[in-house]
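Structure file input35.cif (mmCIF, N, CA and C atoms) follows.
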```cif
data_model
#
loop_
_atom_site.label_atom_id
_atom_site.label_comp_id
_atom_site.auth_asym_id
_atom_site.auth_seq_id
_atom_site.Cartn_x
_atom_site.Cartn_y
_atom_site.Cartn_z
N MET A 29 -26.40 -37.38 -29.38
CA MET A 29 -26.73 -36.66 -30.57
C MET A 29 -25.57 -35.78 -30.98
N ASN A 30 -25.29 -34.74 -30.27
CA ASN A 30 -24.14 -33.90 -30.54
C ASN A 30 -23.06 -34.16 -29.49
N SER A 31 -22.47 -35.33 -29.55
CA SER A 31 -21.47 -35.66 -28.54
C SER A 31 -20.23 -34.79 -28.71
N MET A 32 -19.92 -34.39 -29.94
CA MET A 32 -18.75 -33.53 -30.17
C MET A 32 -18.98 -32.14 -29.58
N ALA A 33 -20.20 -31.63 -29.69
CA ALA A 33 -20.50 -30.30 -29.15
C ALA A 33 -20.45 -30.33 -27.63
N MET A 34 -20.86 -31.43 -27.00
CA MET A 34 -20.84 -31.52 -25.54
C MET A 34 -19.41 -31.63 -25.03
N GLU A 35 -18.50 -32.20 -25.81
CA GLU A 35 -17.12 -32.32 -25.37
C GLU A 35 -16.42 -30.96 -25.39
N ASP A 36 -16.85 -30.06 -26.27
CA ASP A 36 -16.23 -28.75 -26.34
C ASP A 36 -16.57 -27.89 -25.13
N VAL A 37 -17.72 -28.14 -24.53
CA VAL A 37 -18.16 -27.35 -23.38
C VAL A 37 -17.49 -27.92 -22.14
N GLU A 38 -16.77 -27.07 -21.42
CA GLU A 38 -16.03 -27.55 -20.25
C GLU A 38 -16.90 -27.75 -19.03
N GLY A 39 -17.64 -26.71 -18.66
CA GLY A 39 -18.38 -26.76 -17.41
C GLY A 39 -19.87 -26.71 -17.64
N ARG A 40 -20.56 -26.50 -16.56
CA ARG A 40 -22.01 -26.44 -16.59
C ARG A 40 -22.45 -25.14 -17.25
N PHE A 41 -23.46 -25.18 -18.05
CA PHE A 41 -24.02 -24.05 -18.78
C PHE A 41 -23.02 -23.43 -19.75
N GLY A 42 -22.02 -24.16 -20.16
CA GLY A 42 -21.06 -23.66 -21.12
C GLY A 42 -20.04 -22.69 -20.53
N VAL A 43 -20.01 -22.59 -19.22
CA VAL A 43 -19.03 -21.72 -18.56
C VAL A 43 -17.75 -22.51 -18.39
N PRO A 44 -16.61 -21.97 -18.81
CA PRO A 44 -15.36 -22.71 -18.64
C PRO A 44 -15.11 -23.07 -17.18
N GLN A 45 -14.46 -24.18 -16.98
CA GLN A 45 -14.20 -24.70 -15.64
C GLN A 45 -13.44 -23.68 -14.77
N ILE A 46 -12.59 -22.92 -15.38
CA ILE A 46 -11.76 -21.97 -14.64
C ILE A 46 -12.58 -20.82 -14.05
N MET A 47 -13.79 -20.58 -14.61
CA MET A 47 -14.60 -19.44 -14.19
C MET A 47 -15.63 -19.80 -13.12
N GLN A 48 -15.69 -21.04 -12.66
CA GLN A 48 -16.77 -21.45 -11.79
C GLN A 48 -16.60 -21.04 -10.34
N SER A 49 -15.41 -20.77 -9.90
CA SER A 49 -15.24 -20.28 -8.53
C SER A 49 -14.26 -19.12 -8.53
N ARG A 50 -14.38 -18.28 -7.54
CA ARG A 50 -13.55 -17.07 -7.50
C ARG A 50 -12.07 -17.40 -7.34
N SER A 51 -11.77 -18.36 -6.51
CA SER A 51 -10.36 -18.68 -6.26
C SER A 51 -9.75 -19.52 -7.36
N ALA A 52 -10.57 -20.10 -8.21
CA ALA A 52 -10.04 -20.98 -9.25
C ALA A 52 -9.20 -20.21 -10.26
N VAL A 53 -9.60 -19.00 -10.59
CA VAL A 53 -8.84 -18.20 -11.55
C VAL A 53 -7.46 -17.91 -11.00
N GLN A 54 -7.40 -17.47 -9.74
CA GLN A 54 -6.12 -17.15 -9.13
C GLN A 54 -5.24 -18.39 -9.01
N THR A 55 -5.83 -19.52 -8.65
CA THR A 55 -5.06 -20.76 -8.51
C THR A 55 -4.50 -21.19 -9.86
N GLN A 56 -5.32 -21.11 -10.89
CA GLN A 56 -4.86 -21.50 -12.23
C GLN A 56 -3.72 -20.60 -12.69
N MET A 57 -3.85 -19.29 -12.45
CA MET A 57 -2.81 -18.36 -12.87
C MET A 57 -1.51 -18.61 -12.10
N GLU A 58 -1.60 -18.91 -10.81
CA GLU A 58 -0.39 -19.16 -10.03
C GLU A 58 0.28 -20.45 -10.48
N ASP A 59 -0.52 -21.45 -10.87
CA ASP A 59 0.07 -22.70 -11.35
C ASP A 59 0.75 -22.51 -12.69
N ARG A 60 0.15 -21.73 -13.57
CA ARG A 60 0.71 -21.54 -14.91
C ARG A 60 1.82 -20.51 -14.95
N HIS A 61 1.65 -19.43 -14.18
CA HIS A 61 2.62 -18.34 -14.19
C HIS A 61 3.04 -18.03 -12.75
N PRO A 62 3.98 -18.79 -12.20
CA PRO A 62 4.38 -18.50 -10.82
C PRO A 62 5.10 -17.16 -10.73
N PHE A 63 5.09 -16.61 -9.53
CA PHE A 63 5.71 -15.31 -9.32
C PHE A 63 7.22 -15.40 -9.47
N HIS A 64 7.80 -14.29 -9.78
CA HIS A 64 9.26 -14.19 -9.84
C HIS A 64 9.79 -14.33 -8.41
N PRO A 65 10.95 -14.93 -8.23
CA PRO A 65 11.48 -15.12 -6.88
C PRO A 65 11.66 -13.82 -6.09
N LEU A 66 11.88 -12.72 -6.77
CA LEU A 66 12.08 -11.45 -6.07
C LEU A 66 10.78 -10.72 -5.77
N TYR A 67 9.65 -11.23 -6.23
CA TYR A 67 8.38 -10.52 -6.08
C TYR A 67 8.03 -10.29 -4.61
N LYS A 68 8.11 -11.33 -3.80
CA LYS A 68 7.76 -11.19 -2.39
C LYS A 68 8.78 -10.32 -1.65
N SER A 69 10.03 -10.41 -2.05
CA SER A 69 11.05 -9.56 -1.44
C SER A 69 10.80 -8.10 -1.76
N GLU A 70 10.38 -7.81 -2.98
CA GLU A 70 10.12 -6.42 -3.38
C GLU A 70 8.86 -5.87 -2.72
N GLN A 71 7.91 -6.72 -2.40
CA GLN A 71 6.71 -6.27 -1.70
C GLN A 71 7.06 -5.72 -0.33
N ASN A 72 8.03 -6.32 0.32
CA ASN A 72 8.41 -5.93 1.68
C ASN A 72 9.71 -5.14 1.68
N PHE A 73 10.04 -4.47 0.59
CA PHE A 73 11.33 -3.79 0.48
C PHE A 73 11.51 -2.73 1.55
N HIS A 74 10.51 -1.85 1.73
CA HIS A 74 10.67 -0.74 2.68
C HIS A 74 10.77 -1.25 4.12
N LYS A 75 9.97 -2.28 4.44
CA LYS A 75 10.04 -2.84 5.78
C LYS A 75 11.39 -3.51 6.02
N ASN A 76 11.87 -4.26 5.03
CA ASN A 76 13.17 -4.92 5.16
C ASN A 76 14.30 -3.91 5.27
N ALA A 77 14.23 -2.82 4.49
CA ALA A 77 15.28 -1.80 4.54
C ALA A 77 15.28 -1.10 5.90
N GLU A 78 14.10 -0.83 6.45
CA GLU A 78 14.03 -0.19 7.77
C GLU A 78 14.57 -1.11 8.86
N GLU A 79 14.23 -2.39 8.78
CA GLU A 79 14.75 -3.35 9.76
C GLU A 79 16.27 -3.46 9.67
N ALA A 80 16.80 -3.47 8.45
CA ALA A 80 18.25 -3.54 8.29
C ALA A 80 18.93 -2.29 8.83
N GLU A 81 18.31 -1.13 8.61
CA GLU A 81 18.87 0.13 9.11
C GLU A 81 18.86 0.15 10.64
N LEU A 82 17.76 -0.29 11.24
CA LEU A 82 17.69 -0.34 12.70
C LEU A 82 18.69 -1.33 13.28
N ASP A 83 18.90 -2.45 12.61
CA ASP A 83 19.88 -3.43 13.07
C ASP A 83 21.29 -2.85 12.99
N MET A 84 21.58 -2.12 11.90
CA MET A 84 22.89 -1.50 11.77
C MET A 84 23.10 -0.43 12.85
N LEU A 85 22.06 0.36 13.13
CA LEU A 85 22.16 1.37 14.19
C LEU A 85 22.33 0.73 15.56
N ARG A 86 21.65 -0.39 15.79
CA ARG A 86 21.79 -1.09 17.07
C ARG A 86 23.21 -1.60 17.26
N ARG A 87 23.79 -2.13 16.20
CA ARG A 87 25.17 -2.64 16.30
C ARG A 87 26.19 -1.52 16.45
N THR A 88 25.90 -0.37 15.85
CA THR A 88 26.85 0.73 15.87
C THR A 88 26.74 1.55 17.16
N PHE A 89 25.51 1.95 17.52
CA PHE A 89 25.32 2.89 18.62
C PHE A 89 24.74 2.27 19.88
N GLY A 90 24.36 1.01 19.82
CA GLY A 90 23.73 0.39 20.97
C GLY A 90 22.22 0.38 20.81
N MET A 91 21.55 -0.11 21.84
CA MET A 91 20.10 -0.30 21.75
C MET A 91 19.30 0.99 21.92
N ALA A 92 19.85 1.98 22.57
CA ALA A 92 19.08 3.19 22.90
C ALA A 92 18.72 4.00 21.66
N PHE A 93 19.64 4.14 20.72
CA PHE A 93 19.38 5.00 19.56
C PHE A 93 18.26 4.47 18.67
N PRO A 94 18.24 3.19 18.30
CA PRO A 94 17.12 2.70 17.49
C PRO A 94 15.78 2.79 18.23
N LEU A 95 15.78 2.57 19.55
CA LEU A 95 14.54 2.70 20.31
C LEU A 95 14.05 4.13 20.30
N LYS A 96 14.97 5.08 20.48
CA LYS A 96 14.59 6.50 20.45
C LYS A 96 14.03 6.87 19.08
N LEU A 97 14.68 6.39 18.02
CA LEU A 97 14.22 6.68 16.67
C LEU A 97 12.83 6.10 16.42
N GLN A 98 12.58 4.88 16.86
CA GLN A 98 11.26 4.27 16.70
C GLN A 98 10.20 5.02 17.49
N MET A 99 10.53 5.46 18.71
CA MET A 99 9.55 6.23 19.51
C MET A 99 9.24 7.56 18.84
N GLU A 100 10.25 8.22 18.29
CA GLU A 100 10.02 9.49 17.59
C GLU A 100 9.13 9.28 16.37
N LYS A 101 9.39 8.24 15.59
CA LYS A 101 8.56 7.96 14.41
C LYS A 101 7.12 7.67 14.80
N LYS A 102 6.93 6.92 15.87
CA LYS A 102 5.58 6.60 16.32
C LYS A 102 4.85 7.85 16.80
N ALA A 103 5.54 8.72 17.54
CA ALA A 103 4.91 9.94 18.04
C ALA A 103 4.58 10.89 16.90
N VAL A 104 5.47 11.03 15.94
CA VAL A 104 5.26 11.95 14.83
C VAL A 104 4.17 11.44 13.89
N SER A 105 4.03 10.12 13.75
CA SER A 105 3.01 9.58 12.84
C SER A 105 1.59 9.77 13.38
N LYS A 106 1.45 10.00 14.69
CA LYS A 106 0.12 10.20 15.28
C LYS A 106 -0.36 11.64 15.21
N VAL A 107 0.50 12.56 14.80
CA VAL A 107 0.11 13.96 14.71
C VAL A 107 -0.89 14.11 13.58
N GLY A 108 -2.02 14.74 13.87
CA GLY A 108 -3.07 14.88 12.88
C GLY A 108 -3.13 16.28 12.31
N HIS A 109 -4.16 16.53 11.53
CA HIS A 109 -4.39 17.84 10.95
C HIS A 109 -5.88 18.10 10.91
N LEU A 110 -6.24 19.31 10.63
CA LEU A 110 -7.66 19.65 10.54
C LEU A 110 -8.30 18.89 9.38
N PRO A 111 -9.58 18.54 9.51
CA PRO A 111 -10.22 17.79 8.43
C PRO A 111 -10.39 18.58 7.14
N CYS A 112 -10.27 19.90 7.19
CA CYS A 112 -10.44 20.68 5.96
C CYS A 112 -9.17 20.68 5.11
N ILE A 113 -8.06 20.22 5.66
CA ILE A 113 -6.83 20.12 4.88
C ILE A 113 -6.88 18.80 4.14
N THR A 114 -6.80 18.86 2.82
CA THR A 114 -7.02 17.65 2.03
C THR A 114 -5.83 16.71 2.04
N THR A 115 -4.63 17.23 2.04
CA THR A 115 -3.46 16.36 1.99
C THR A 115 -2.91 16.17 3.39
N SER A 116 -2.48 14.98 3.67
CA SER A 116 -1.85 14.74 4.96
C SER A 116 -0.35 14.81 4.74
N VAL A 117 0.21 15.93 5.09
CA VAL A 117 1.64 16.15 4.93
C VAL A 117 2.28 16.03 6.30
N ARG A 118 3.27 15.19 6.39
CA ARG A 118 3.98 14.99 7.65
C ARG A 118 5.48 15.18 7.41
N PRO A 119 5.94 16.42 7.40
CA PRO A 119 7.35 16.65 7.11
C PRO A 119 8.28 16.09 8.18
N SER A 120 7.84 16.05 9.43
CA SER A 120 8.69 15.50 10.48
C SER A 120 8.90 14.00 10.28
N LEU A 121 7.84 13.30 9.92
CA LEU A 121 7.96 11.86 9.69
C LEU A 121 8.80 11.59 8.45
N ASP A 122 8.62 12.39 7.40
CA ASP A 122 9.45 12.24 6.20
C ASP A 122 10.92 12.47 6.52
N ALA A 123 11.21 13.45 7.37
CA ALA A 123 12.60 13.73 7.73
C ALA A 123 13.20 12.58 8.54
N LEU A 124 12.41 11.98 9.43
CA LEU A 124 12.91 10.85 10.22
C LEU A 124 13.12 9.61 9.36
N ARG A 125 12.27 9.42 8.38
CA ARG A 125 12.42 8.28 7.48
C ARG A 125 13.51 8.49 6.44
N GLY A 126 13.81 9.75 6.15
CA GLY A 126 14.80 10.05 5.11
C GLY A 126 14.17 10.17 3.74
N THR A 127 12.85 10.31 3.68
CA THR A 127 12.18 10.41 2.38
C THR A 127 11.82 11.85 2.04
N ASP A 128 12.34 12.80 2.81
CA ASP A 128 12.00 14.19 2.55
C ASP A 128 12.71 14.74 1.32
N LEU A 129 13.76 14.09 0.87
CA LEU A 129 14.50 14.56 -0.29
C LEU A 129 14.17 13.80 -1.57
N THR A 130 13.32 12.78 -1.46
CA THR A 130 12.95 12.01 -2.65
C THR A 130 11.68 12.57 -3.26
N LEU A 131 11.59 12.48 -4.56
CA LEU A 131 10.43 12.97 -5.30
C LEU A 131 9.77 11.78 -5.97
N GLY A 132 8.54 11.48 -5.56
CA GLY A 132 7.83 10.32 -6.08
C GLY A 132 6.63 10.72 -6.91
N PHE A 133 5.93 9.71 -7.38
CA PHE A 133 4.74 9.93 -8.22
C PHE A 133 3.67 10.68 -7.46
N ASP A 134 3.47 10.34 -6.19
CA ASP A 134 2.44 11.00 -5.39
C ASP A 134 2.72 12.47 -5.15
N ASP A 135 3.98 12.86 -5.23
CA ASP A 135 4.33 14.26 -5.03
C ASP A 135 3.94 15.13 -6.22
N VAL A 136 3.87 14.51 -7.39
CA VAL A 136 3.63 15.28 -8.61
C VAL A 136 2.20 15.13 -9.11
N MET A 137 1.72 13.91 -9.21
CA MET A 137 0.39 13.64 -9.79
C MET A 137 -0.57 13.16 -8.71
N GLY A 138 -1.84 13.31 -9.00
CA GLY A 138 -2.87 12.79 -8.12
C GLY A 138 -3.14 13.62 -6.89
N GLN A 139 -2.73 14.87 -6.88
CA GLN A 139 -3.00 15.74 -5.74
C GLN A 139 -4.45 16.21 -5.78
N PRO A 140 -5.09 16.33 -4.63
CA PRO A 140 -6.49 16.80 -4.62
C PRO A 140 -6.63 18.21 -5.17
N GLU A 141 -5.58 18.99 -5.10
CA GLU A 141 -5.64 20.36 -5.62
C GLU A 141 -5.79 20.37 -7.14
N GLN A 142 -5.44 19.29 -7.80
CA GLN A 142 -5.50 19.23 -9.25
C GLN A 142 -6.83 18.66 -9.75
N SER A 143 -7.72 18.28 -8.85
CA SER A 143 -8.97 17.69 -9.30
C SER A 143 -9.90 18.77 -9.86
N GLU A 144 -10.85 18.34 -10.65
CA GLU A 144 -11.75 19.28 -11.31
C GLU A 144 -12.89 19.72 -10.42
N SER A 145 -13.16 18.99 -9.35
CA SER A 145 -14.26 19.37 -8.47
C SER A 145 -13.78 20.37 -7.43
N LEU A 146 -14.70 21.16 -6.94
CA LEU A 146 -14.37 22.14 -5.92
C LEU A 146 -14.33 21.47 -4.55
N PRO A 147 -13.35 21.79 -3.75
CA PRO A 147 -13.32 21.20 -2.41
C PRO A 147 -14.39 21.84 -1.53
N PRO A 148 -14.88 21.11 -0.55
CA PRO A 148 -15.87 21.69 0.34
C PRO A 148 -15.25 22.80 1.19
N LEU A 149 -16.07 23.71 1.65
CA LEU A 149 -15.59 24.83 2.44
C LEU A 149 -15.11 24.34 3.81
N PRO A 150 -14.03 24.93 4.31
CA PRO A 150 -13.45 24.45 5.58
C PRO A 150 -14.40 24.52 6.76
N PHE A 151 -15.18 25.59 6.89
CA PHE A 151 -16.06 25.69 8.06
C PHE A 151 -17.18 24.67 8.02
N ASN A 152 -17.61 24.25 6.83
CA ASN A 152 -18.62 23.18 6.74
C ASN A 152 -18.05 21.84 7.19
N ILE A 153 -16.84 21.59 6.82
CA ILE A 153 -16.20 20.30 7.21
C ILE A 153 -16.00 20.26 8.71
N ILE A 154 -15.53 21.36 9.29
CA ILE A 154 -15.29 21.38 10.74
C ILE A 154 -16.61 21.26 11.49
N ASP A 155 -17.69 21.89 11.00
CA ASP A 155 -18.99 21.75 11.65
C ASP A 155 -19.48 20.30 11.59
N ASN A 156 -19.25 19.63 10.47
CA ASN A 156 -19.66 18.23 10.33
C ASN A 156 -18.78 17.30 11.16
N HIS A 157 -17.54 17.71 11.40
CA HIS A 157 -16.59 16.87 12.13
C HIS A 157 -16.85 16.90 13.64
N LYS A 158 -17.47 17.98 14.14
CA LYS A 158 -17.74 18.08 15.58
C LYS A 158 -18.73 16.99 15.98
N MET A 159 -18.50 16.43 17.14
CA MET A 159 -19.36 15.35 17.59
C MET A 159 -20.39 15.82 18.56
#
```

Write the structure described by the file as structure tokens, please.
Amino acid sequence: MNSMAMEDVEGRFGVPQIMQSRSAVQTQMEDRHPFHPLYKSEQNFHKNAEEAELDMLRRTFGMAFPLKLQMEKKAVSKVGHLPCITTSVRPSLDALRGTDLTLGFDDVMGQPEQSESLPPLPFNIIDNHKM
């Protein structure tokens, strides 16, 4: 009867074929618009830069210095803070990474201190945190 109307409909119930499964949209987009060759490299930029720095230090100073630096970073990253402190600031880790002198988006915007809601009182948080 309406063979032309049925040809316009791609999938079942008039839903386009691309929308029928969750992974189909991503697959179609990857086929039509592949990623830029540098995309995956940029995703791992910080990890690659750290590995290159450790390799350079190993070649220059020997194996002990990069191992010491990695142990210091691991120890400093485990240092915690009280639960009532909203921001996790780790100046020692930033100094070891060399990011203590850089100013990023997170340093300026999106701080909990700038939110419109009132933070909970510190003694209530500590009482709730006790096990």

Box centre and edge lengths (Å, one decimal), axis-aligned, region 69-79 of chain A plus 8 Å each side, as lines of an AutoDock Vina configuration file:
```
center_x = 11.5
center_y = -5.3
center_z = 3.2
size_x = 25.6
size_y = 26.2
size_z = 29.1
```

Please report, as number ranges by chain, each residue of region 72-125 of chain A to which DSSP assigns alpha helix (DSSP H) when run on this structure's backbone.
A: 73-89, 92-105, 119-125

Residues at most 10 Å from region 103-105 of chain A, counting only C-alpha atoms, excluding those fewer than 5 positions away in the same chain, as an MDAnalysis selection string?
chainID A and resid 97:98 118:122 124

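What separates CA of Glu70 (chain A) from CA of Gly132 (chain A) is a distance of 17.1 Å.
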
Between CA of Gly126 (chain A) and CA of Leu82 (chain A), measure the distance and give it in Å to one decimal.
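One can read the CA of Gly126 (chain A) to CA of Leu82 (chain A) distance as 13.2 Å.
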